[in-house]
Each structure stands twice: as C-alpha cells, then as structure tokens.
Amino acid sequence: MLSLVCSGAASAACLLTDYSTRAEYLRSEAVLVGSVLSERNMPGSDEPDTPGGTFYLVRVLKTLRGTPGRTVEIFSENSSGRFPMHIGTSYLLFLYRQQGVLSADYCGNSGPLANKADVLRKARQLAKSEPAS
C-alpha cells in the first residue's frame, strides 16, 4: 500500500502555474475547514518513490466544496511537498486525491485557519456562486 500512496511523490516541486484561490478551489475535490484530531506515521522504505509520511485524521467543521463527511484522513508525504499539521489546530484545506488518498498541496492556499482569513472569504464567495447539486 505504501508504494500506492507514495508513487510519484518524490518530485514535489510547485508545478502548477495558477495557485489563485479560484483555480485551486475549482480543481479541488474538497475544500473545508477542519481541526486535526490525530496523526499516524507511516514509515518509508528503501524503494524509490516511497518516502513514507503522516496520515492526519481531521474533523470537518465546515464544508465549502465536495462531500467529505464528518471526518477525513489526509496524507502528507515525507518529501519537499510535505504539508505538516498539528493536533488541535484548525486549517483551511484545499484537498485533492492522488493515488487514492486525500492530500493538501503545500504550494497552494491551504494552511492554518488563523492565517487564512482572506483566502477563506474568497473560498466562501466561490462556494456561494456554485450551482447547487
């Protein structure tokens, strides 16, 4: 399973050209505000593209896009693309699915909620403008 989670993870440079709130919102599977409940480390291996990482269990406080449920598990790989989080801290998260797991792009707009007031305001505006499903 580790190889599935981490396949291709070693190249974590910021490769996208548009990290605006709108662009990241539209390409995200889910956008939410959540609080980290716990973390579980997954060791890497000596095989290529298996750096290991951390799974964070996040309680969803507010959903802006998608249908993530009451909790989500988010993977952060041990690489230059790592998106570390801290238990008890609330985050604004723009999530994408890669190799079957949800992750946040460290180059993007995700981060501690306390630092993301303007991004949250823009994301709320985008959520209001989306057609109801």
# chains A, B, ... in the order shown; residues from 1 in each chain; ligands from 1
$ residues_around --residues "Gly34 of chain A" --least-positions-apart "6" --cutoff "12 Å" --atoms "only C-alpha atoms" --output "count of residues only"
31
$ residues_around --residues "Asn109 of chain A" --least-positions-apart "3" --cutoff "8 Å" --atoms "only C-alpha atoms" --output "list in words"
Tyr19, Ser20, Thr21, Glu24, Leu92, Leu93, Phe94, Asp105, Tyr106 and Val119 of chain A
$ write_last_selection --atoms "C-alpha atoms" --output "PDB file, in the first residue's frame"
ATOM      1  CA  TYR A  19      -2.338  28.848  -7.430  1.00  0.00           C
ATOM      2  CA  SER A  20      -5.028  31.518  -7.166  1.00  0.00           C
ATOM      3  CA  THR A  21      -7.826  30.757  -4.709  1.00  0.00           C
ATOM      4  CA  GLU A  24      -7.285  25.806  -6.610  1.00  0.00           C
ATOM      5  CA  LEU A  92      -8.429  25.719   5.712  1.00  0.00           C
ATOM      6  CA  LEU A  93      -7.803  22.778   3.377  1.00  0.00           C
ATOM      7  CA  PHE A  94      -7.988  22.538  -0.398  1.00  0.00           C
ATOM      8  CA  ASP A 105      -0.766  20.985  -1.864  1.00  0.00           C
ATOM      9  CA  TYR A 106       1.855  22.789   0.192  1.00  0.00           C
ATOM     10  CA  VAL A 119      -8.498  33.047   1.405  1.00  0.00           C
TER      11      VAL A 119
END
$ residues_around --residues "Leu15 of chain A" --least-positions-apart "2" --cutoff "12 Å" --atoms "only C-alpha atoms" --output "PyMOL selection string"
chain A and resi 11-13+17-19+81+105-108
$ select_by_dssp --residues "chain A" --states "alpha helix (DSSP H)" --output "VMD selection string"
chain A and resid 2 to 6 21 to 27 117 to 129
$ closest_residue --among "A:Arg22, A:Ala30, A:Glu77, A:Asp118" --to "Gln99 of chain A" --atoms "only C-alpha atoms"
A:Glu77
$ select_by_dssp --residues "segment 45-95 of chain A" --states "strand (DSSP E)" --output "PyMOL selection string"
chain A and resi 53-65+71-77+90-95
$ closest_residue --among "A:Leu37, A:Ala127, A:Ala117, A:Val31" --to "Ser103 of chain A" --atoms "only C-alpha atoms"
A:Val31
$ atom_distance --atom1 "atom CA of Ala104 of chain A" --atom2 "atom CA of Ser76 of chain A"
7.5 Å
$ closest_residue --among "A:Pro131, A:Gly66, A:Gly53, A:Gly100" --to "Ser80 of chain A" --atoms "only C-alpha atoms"
A:Gly53
$ residues_around --residues "Val101 of chain A" --least-positions-apart "3" --cutoff "9 Å" --atoms "only C-alpha atoms" --output "list in words"
Val5, Glu73, Ile74, Phe75, Tyr96, Arg97 and Gln98 of chain A
$ write_last_selection --atoms "N, CA and C atoms" --output "short mmCIF file (atom, residue, chain, number, x, y, z; two decimals), in the first residue's frame"
data_model
loop_
_atom_site.label_atom_id
_atom_site.label_comp_id
_atom_site.auth_asym_id
_atom_site.auth_seq_id
_atom_site.Cartn_x
_atom_site.Cartn_y
_atom_site.Cartn_z
N VAL A 5 0.48 4.79 -2.17
CA VAL A 5 0.30 6.11 -1.57
C VAL A 5 1.37 7.07 -2.04
N GLU A 73 -9.37 11.64 6.27
CA GLU A 73 -7.97 11.29 6.52
C GLU A 73 -7.15 11.92 5.40
N ILE A 74 -6.13 12.68 5.79
CA ILE A 74 -5.30 13.42 4.85
C ILE A 74 -3.87 12.92 4.97
N PHE A 75 -3.26 12.63 3.82
CA PHE A 75 -1.89 12.13 3.81
C PHE A 75 -0.91 13.25 3.47
N TYR A 96 -7.00 17.40 -2.74
CA TYR A 96 -7.04 16.68 -3.99
C TYR A 96 -6.75 15.22 -3.69
N ARG A 97 -7.15 14.35 -4.60
CA ARG A 97 -6.92 12.92 -4.43
C ARG A 97 -5.80 12.49 -5.35
N GLN A 98 -4.80 11.83 -4.76
CA GLN A 98 -3.68 11.29 -5.52
C GLN A 98 -3.39 9.90 -4.99
#
$ atom_distance --atom1 "atom CA of Ala114 of chain A" --atom2 "atom CA of Val33 of chain A"
11.1 Å
